[in-house]
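See below for run_37.tsv, which holds TSV, C-alpha atoms.
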chain	number	residue	atom	x	y	z
M	229	MET	CA	31.67	-11.99	-2.51
M	230	ILE	CA	32.92	-10.99	0.92
M	231	SER	CA	30.79	-12.18	3.79
M	232	HIS	CA	30.49	-10.66	7.23
M	233	CYS	CA	32.70	-13.51	8.51
M	234	ASP	CA	35.48	-12.42	6.13
M	235	ASN	CA	35.18	-8.88	7.45
M	236	LEU	CA	35.40	-10.10	11.02
M	237	ARG	CA	38.48	-12.21	10.25
M	238	ALA	CA	40.16	-9.24	8.49
M	239	ASP	CA	39.56	-7.00	11.50
M	240	PRO	CA	39.94	-8.83	14.81
M	241	ASN	CA	38.42	-5.83	16.62
M	242	ALA	CA	35.26	-5.86	14.48
M	243	ARG	CA	32.08	-6.80	16.25
M	244	PRO	CA	29.27	-8.77	14.53
M	245	GLU	CA	26.69	-6.25	15.75
M	246	ASP	CA	28.60	-3.49	13.92
M	247	TYR	CA	28.35	-5.44	10.69
M	248	TRP	CA	24.62	-6.02	11.09
M	249	SER	CA	24.03	-2.41	12.05
M	250	ASN	CA	25.89	-1.16	8.96
M	251	THR	CA	24.24	-3.69	6.67
M	252	SER	CA	20.70	-3.03	7.86
M	253	GLY	CA	21.34	0.72	7.70
M	254	ASN	CA	22.40	0.39	4.06
M	255	ASP	CA	19.44	-1.87	3.34
M	256	ARG	CA	17.11	0.71	4.85
M	257	LYS	CA	18.58	3.44	2.64
M	258	THR	CA	18.16	1.26	-0.44
M	259	LEU	CA	14.60	0.41	0.54
M	260	ASP	CA	13.77	4.09	1.10
M	261	LYS	CA	15.19	4.93	-2.34
M	262	PHE	CA	13.24	2.05	-3.87
M	263	CYS	CA	9.97	3.32	-2.39
M	264	SER	CA	10.76	6.93	-3.30
M	265	ALA	CA	11.21	5.81	-6.90
M	266	PHE	CA	7.51	4.89	-6.95
M	267	LEU	CA	6.64	8.43	-5.87
M	268	ASN	CA	9.02	9.92	-8.46
M	269	GLY	CA	7.89	7.70	-11.33
M	270	ASP	CA	11.42	6.34	-11.74
M	271	THR	CA	10.60	3.01	-13.36
M	272	ALA	CA	14.23	2.34	-14.30
M	273	PHE	CA	15.34	2.51	-10.66
M	274	ILE	CA	12.39	0.41	-9.43
M	275	GLU	CA	13.23	-2.17	-12.05
M	276	GLU	CA	16.95	-2.14	-11.23
M	277	ILE	CA	16.46	-2.64	-7.50
M	278	PHE	CA	13.67	-5.21	-7.83
M	279	ASN	CA	15.69	-7.16	-10.42
M	280	ASP	CA	18.71	-7.13	-8.09
M	281	TYR	CA	16.50	-8.27	-5.23
M	282	LEU	CA	15.04	-11.12	-7.29
M	283	TRP	CA	18.43	-12.18	-8.60
M	284	ASN	CA	20.01	-12.22	-5.15
M	285	THR	CA	17.20	-13.77	-3.11
M	286	ILE	CA	14.92	-16.12	-5.00
M	287	SER	CA	15.20	-19.46	-6.69
M	288	ILE	CA	13.26	-20.18	-9.84
M	289	ARG	CA	11.86	-23.10	-7.86
M	290	ASP	CA	10.03	-20.51	-5.72
M	291	THR	CA	7.66	-20.06	-8.63
M	292	ALA	CA	7.18	-23.76	-9.30
M	293	ALA	CA	3.43	-23.41	-9.01
M	294	GLN	CA	0.38	-23.38	-11.22
M	295	LYS	CA	0.39	-20.54	-13.72
M	296	GLU	CA	-2.23	-18.50	-11.88
M	297	ARG	CA	-0.30	-18.78	-8.59
M	298	LYS	CA	3.12	-17.61	-9.85
M	299	GLU	CA	2.02	-13.97	-9.78
M	300	ASN	CA	1.14	-14.29	-6.09
M	301	PHE	CA	4.74	-15.02	-5.18
M	302	TYR	CA	6.04	-11.75	-6.66
M	303	HIS	CA	3.02	-9.88	-5.31
M	304	GLY	CA	3.93	-11.02	-1.79
M	305	LEU	CA	7.57	-9.99	-2.19
M	306	LEU	CA	6.61	-6.50	-3.31
M	307	LEU	CA	4.03	-6.15	-0.52
M	308	GLY	CA	6.74	-6.88	2.02
M	309	LEU	CA	9.09	-4.30	0.55
M	310	LEU	CA	6.48	-1.54	0.29
M	311	GLY	CA	4.97	-2.31	3.69
M	312	PHE	CA	8.26	-1.35	5.30
M	313	GLN	CA	7.42	2.36	4.97
M	314	ASP	CA	5.94	3.66	8.23
M	315	GLU	CA	3.75	6.34	6.67
M	316	TRP	CA	2.41	4.20	3.83
M	317	LEU	CA	-0.89	2.37	4.07
M	318	VAL	CA	-0.40	-0.67	1.84
M	319	LYS	CA	-3.42	-2.80	0.90
M	320	SER	CA	-3.42	-6.14	-0.85
M	321	ASN	CA	-6.26	-7.28	-3.11
M	322	ALA	CA	-8.40	-4.32	-2.06
M	323	GLU	CA	-11.78	-3.81	-3.66
M	324	SER	CA	-11.57	-0.80	-5.92
M	325	GLY	CA	-13.50	0.29	-8.99
M	326	ILE	CA	-15.04	-2.82	-10.47
M	327	GLY	CA	-12.57	-5.36	-9.18
M	328	PHE	CA	-9.75	-6.08	-6.77
M	329	SER	CA	-6.42	-4.39	-7.36
M	330	ASP	CA	-3.23	-6.25	-6.50
M	331	ILE	CA	-1.66	-3.47	-4.43
M	332	LEU	CA	-2.98	-0.06	-3.39
M	333	VAL	CA	-0.79	2.37	-1.47
M	334	GLU	CA	-1.93	5.55	0.26
M	335	ILE	CA	0.61	8.14	1.35
M	336	ARG	CA	-1.65	10.46	3.30
M	337	ARG	CA	1.00	13.03	4.18
M	338	ASN	CA	1.16	14.25	0.57
M	339	ARG	CA	-2.09	12.59	-0.62
M	340	ILE	CA	-0.49	10.39	-3.24
M	341	GLY	CA	-1.96	7.04	-4.17
M	342	ILE	CA	-0.25	4.21	-6.00
M	343	VAL	CA	-1.95	1.36	-7.88
M	344	ILE	CA	0.19	-1.65	-8.75
M	345	GLU	CA	-0.96	-4.54	-10.89
M	346	MET	CA	1.36	-7.54	-11.06
M	347	LYS	CA	1.55	-10.08	-13.89
M	348	TYR	CA	3.59	-13.20	-14.43
M	349	ALA	CA	4.91	-13.25	-18.01
M	350	GLU	CA	4.49	-16.95	-18.74
M	351	ASP	CA	6.03	-16.56	-22.21
M	352	GLY	CA	8.83	-14.27	-20.98
M	353	ASN	CA	7.38	-11.21	-22.78
M	354	LEU	CA	7.65	-8.76	-19.90
M	355	GLU	CA	6.62	-5.69	-21.90
M	356	LYS	CA	3.40	-7.32	-23.10
M	357	ALA	CA	2.55	-8.40	-19.54
M	358	CYS	CA	3.16	-4.84	-18.25
M	359	GLN	CA	0.81	-3.46	-20.87
M	360	LYS	CA	-1.82	-6.02	-19.89
M	361	ALA	CA	-1.47	-4.97	-16.24
M	362	LEU	CA	-1.83	-1.27	-17.08
M	363	GLN	CA	-4.86	-1.98	-19.26
M	364	GLN	CA	-6.46	-3.90	-16.39
M	365	ILE	CA	-5.92	-0.93	-14.04
M	366	LYS	CA	-7.67	1.30	-16.56
M	367	ASP	CA	-10.50	-1.10	-17.44
M	368	LYS	CA	-11.30	-1.95	-13.83
M	369	LYS	CA	-10.86	1.65	-12.60
M	370	TYR	CA	-8.60	0.57	-9.74
M	371	GLU	CA	-7.76	4.18	-8.84
M	372	ALA	CA	-11.36	4.73	-7.64
M	373	ARG	CA	-10.72	3.63	-4.05
M	374	LEU	CA	-7.71	5.90	-3.74
M	375	LYS	CA	-9.65	8.91	-5.00
M	376	GLU	CA	-12.52	8.09	-2.62
M	377	ASP	CA	-9.97	8.07	0.21
M	378	GLY	CA	-8.81	11.59	-0.69
M	379	MET	CA	-5.68	10.88	-2.71
M	380	ARG	CA	-5.18	13.81	-5.12
M	381	ASN	CA	-2.52	12.23	-7.34
M	382	VAL	CA	-2.64	8.60	-8.37
M	383	MET	CA	0.28	6.80	-9.95
M	384	LYS	CA	-0.27	3.54	-11.84
M	385	TYR	CA	2.28	0.80	-12.34
M	386	GLY	CA	2.22	-2.43	-14.27
M	387	ILE	CA	4.91	-4.82	-13.07
M	388	ALA	CA	5.66	-8.05	-14.87
M	389	CYS	CA	7.91	-10.82	-13.61
M	390	TYR	CA	9.42	-13.89	-15.18
M	391	LYS	CA	11.72	-16.11	-13.16
M	392	LYS	CA	14.40	-13.72	-11.78
M	393	GLU	CA	13.52	-10.76	-13.98
M	394	CYS	CA	11.01	-7.95	-13.84
M	395	LYS	CA	9.86	-5.05	-15.97
M	396	VAL	CA	8.13	-1.94	-14.64
M	397	GLU	CA	5.99	0.44	-16.67
M	398	LYS	CA	4.15	3.52	-15.49
M	399	GLY	CA	0.66	4.27	-16.73
M	400	GLU	CA	-1.01	7.57	-17.42
M	401	ALA	CA	-2.19	9.57	-14.43
Do you think you could lay out the structure here as structure tokens?
Amino acid sequence: MISHCDNLRADPNARPEDYWSNTSGNDRKTLDKFCSAFLNGDTAFIEEIFNDYLWNTISIRDTAAQKERKENFYHGLLLGLLGFQDEWLVKSNAESGIGFSDILVEIRRNRIGIVIEMKYAEDGNLEKACQKALQQIKDKKYEARLKEDGMRNVMKYGIACYKKECKVEKGEA
């Protein structure tokens, strides 16, 4: 892997601020594409980018917590990524339906709502954990708050994580 220091050594005229400007610009584009994938229902792309992010940034020691707390770690990571969008209202643990959804997103410009339920797949069965998350969204009627707030279309996602891996499934509208 080539670091910014290697690039600076290769080009004596390169400035560190140019590197950071280019890197953050590319990161912003990737983040915009990641968020757009939620709007487009592109679970494969969401999964690809989130898996890359997990692989490149976390340690499995980051989830060295009690079983019920492991999910919170991934929840926080995703909140940070989604909260980067200026026009998105991102809510954590918001009361909705008959419970508290992990993440609710309102995109008022086009009146799209997103419900995300996170699960930690303790046994490594990511697909089963995604299905459990989607069932919870349905059973607890987590889309209710979004509809009350005027969102016309609501997208539902179950996201399961295990160590440095994730799986993303989209529920029925």
Hey, can you check how far CA of Asp351 (chain M) sits from CA of Leu306 (chain M)?
21.4 Å
Which residue, M:Gln313, M:Ser320, M:Gln364, M:Ser329, has the smallest gap to Ser264 (chain M) when you use all atoms listed in the file?
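The closest residue to Ser264 (chain M) is M:Gln313.
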So which residues touch Ile277 (chain M) within 9 Å, counting only C-alpha atoms, skipping near sequence neighbours fewer than 5 positions away, as a PyMOL selection string?
chain M and resi 258-259+262+272+282
Resulting file, chosen residues, C-alpha atoms, as a compact mmCIF listing (two decimals), in the coordinates of the input:
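As a result, out-v4.txt now contains:
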# COMPACT_ATOMS: atom_id res chain seq x y z
CA THR M 258 18.16 1.26 -0.44
CA LEU M 259 14.60 0.41 0.54
CA PHE M 262 13.24 2.05 -3.87
CA ALA M 272 14.23 2.34 -14.30
CA LEU M 282 15.04 -11.12 -7.29
Students should find that CA of Gly269 (chain M) and CA of Ser287 (chain M) are spaced 28.5 Å
Using all atoms listed in the file, which residue out of M:Ala265, M:Cys394, M:Leu307, M:Ala372 lies closest to Phe328 (chain M)?
M:Ala372
Near Gly386 (chain M), counting all atoms listed in the file, which residues have an atom at most 6 Å away, once you skip same-chain residues fewer than 5 positions from it, shown as a list in words?
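Contacts, in chain order: Ile344, Glu345, Cys358, Ala361, Leu362, Val396 and Glu397 of chain M.
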Using all atoms listed in the file: which of M:Thr285, M:Ser324, M:Asn353, M:Gln294 has the shortest distance to Arg373 (chain M):
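Going through M:Thr285, M:Ser324, M:Asn353, M:Gln294 one by one, the smallest distance to Arg373 (chain M) is for M:Ser324.
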Nearest residue to Phe301 (chain M) out of M:Cys389, M:Ala357, M:Ala401, M:Ile331, using all atoms listed in the file?
M:Cys389
Residue with smallest distance to Asp290 (chain M) - pool M:Gly308, M:Glu275, M:Tyr390, M:Asn338, counting all atoms listed in the file
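So, comparing all the options, the nearest one is M:Tyr390.
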Kindly indicate which residue among M:Asp314, M:Glu334, M:Glu393, M:Glu323 lies nearest to Gly352 (chain M), using all atoms listed in the file for the distances.
M:Glu393
Neighbour list for Met383 (chain M) as a PyMOL selection string, cut-off 9 Å, only C-alpha atoms, skip fewer than 3 positions in-chain:
chain M and resi 266-267+269+340-344+371+398-401
Computed interatomic separation between CA of Gln359 (chain M) and CA of Leu310 (chain M) (Å)
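A separation of 22.0 Å between them.
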Could you pull the residues within 10 Å of Arg337 (chain M), counting only C-alpha atoms, minus those fewer than 2 positions along the same chain, as a PDB file with C-alpha atoms, in the coordinates of the input?
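around-v8.pdb, written as the output of this step:
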ATOM      1  CA  GLU M 315       3.750   6.340   6.670  1.00  0.00           C
ATOM      2  CA  TRP M 316       2.410   4.200   3.830  1.00  0.00           C
ATOM      3  CA  GLU M 334      -1.930   5.550   0.260  1.00  0.00           C
ATOM      4  CA  ILE M 335       0.610   8.140   1.350  1.00  0.00           C
ATOM      5  CA  ARG M 339      -2.090  12.590  -0.620  1.00  0.00           C
ATOM      6  CA  ILE M 340      -0.490  10.390  -3.240  1.00  0.00           C
ATOM      7  CA  MET M 379      -5.680  10.880  -2.710  1.00  0.00           C
TER       8      MET M 379
END
Put the listed atoms of region 262-269 of chain M in a box along x, y and z with 5 Å added on every side and give me the centre and edge lengths in Å to one decimal, as lines of an AutoDock Vina configuration file.
center_x = 9.9
center_y = 6.0
center_z = -6.9
size_x = 16.6
size_y = 17.9
size_z = 18.9
